[in-house]
Amino acid sequence: FCSYSASDGPVSSSQDSVSGIKAGVAAGMPVIGISTRNPEDLLMGAKPAFLIKDYDDPKLWAALEELDKSGSH
């Protein structure tokens with residue numbers, strides 16, 4: 001999953017693989033790692049902004065709420 005809009009501001013990406021996380025980080029995007037298919041320690045080695053268990057993880061929704069409050073979309 002990748003979300004972007006040049007006019008809206010920051011680009012973000014959610015990835016469940018090491019190569020996906022590394023690609024997003026290399027592109028300068030904040031990447032959210034999803035630990036549905038790979039071990040958390042392996043994914044964290046790719047340096048995502050943070051890691052979630054799935055899309056229902058409260059950490060994801062808290063981060064999105066903070067972005068909404070700050071005016072970033």
# chains A, B, ... in the order shown; residues from 1 in each chain; ligands from 1
>>> residues_around(residues="Val25 of chain A", least_positions_apart="4", cutoff="8 Å", atoms="only C-alpha atoms", output="list in words")
Ile21, Met29, Pro30, Val31, Lys47 and Pro48 of chain A
>>> select_by_dssp(residues="chain A", states="strand (DSSP E or B)", output="list in words")
Cys2, Ser3, Ser12, Ser13, Ser14, Gln15, Val31, Ile32, Gly33, Ile34, Phe50, Leu51 and Ile52 of chain A
>>> atom_distance(atom1="atom CA of Asp16 of chain A", atom2="atom CA of Asp57 of chain A")
14.1 Å
>>> atom_distance(atom1="atom CA of Leu51 of chain A", atom2="atom CA of Ser12 of chain A")
13.3 Å
>>> closest_residue(among="A:Asp54, A:Gly24, A:Glu66, A:Gly71", to="Glu40 of chain A", atoms="only C-alpha atoms")
A:Asp54
>>> select_by_dssp(residues="chain A", states="helix (DSSP H, G or I)", output="list of chain:residue names")
A:Val18, A:Ser19, A:Gly20, A:Ile21, A:Lys22, A:Ala23, A:Gly24, A:Val25, A:Ala26, A:Glu40, A:Asp41, A:Leu42, A:Leu43, A:Met44, A:Pro58, A:Lys59, A:Leu60, A:Trp61, A:Ala62, A:Ala63, A:Leu64, A:Glu65, A:Glu66, A:Leu67, A:Asp68, A:Lys69
>>> residues_around(residues="Gln15 of chain A", least_positions_apart="5", cutoff="8 Å", atoms="only C-alpha atoms", output="MDAnalysis selection string")
chainID A and resid 1 20:21 31:34
>>> closest_residue(among="A:Lys22, A:Ser13, A:Ala49, A:Tyr55", to="Thr36 of chain A", atoms="only C-alpha atoms")
A:Tyr55
>>> residues_around(residues="Arg37 of chain A", least_positions_apart="5", cutoff="10 Å", atoms="only C-alpha atoms", output="PyMOL selection string")
chain A and resi 16-17+43+53
>>> atom_distance(atom1="atom CA of Gly45 of chain A", atom2="atom CA of Lys69 of chain A")
29.8 Å
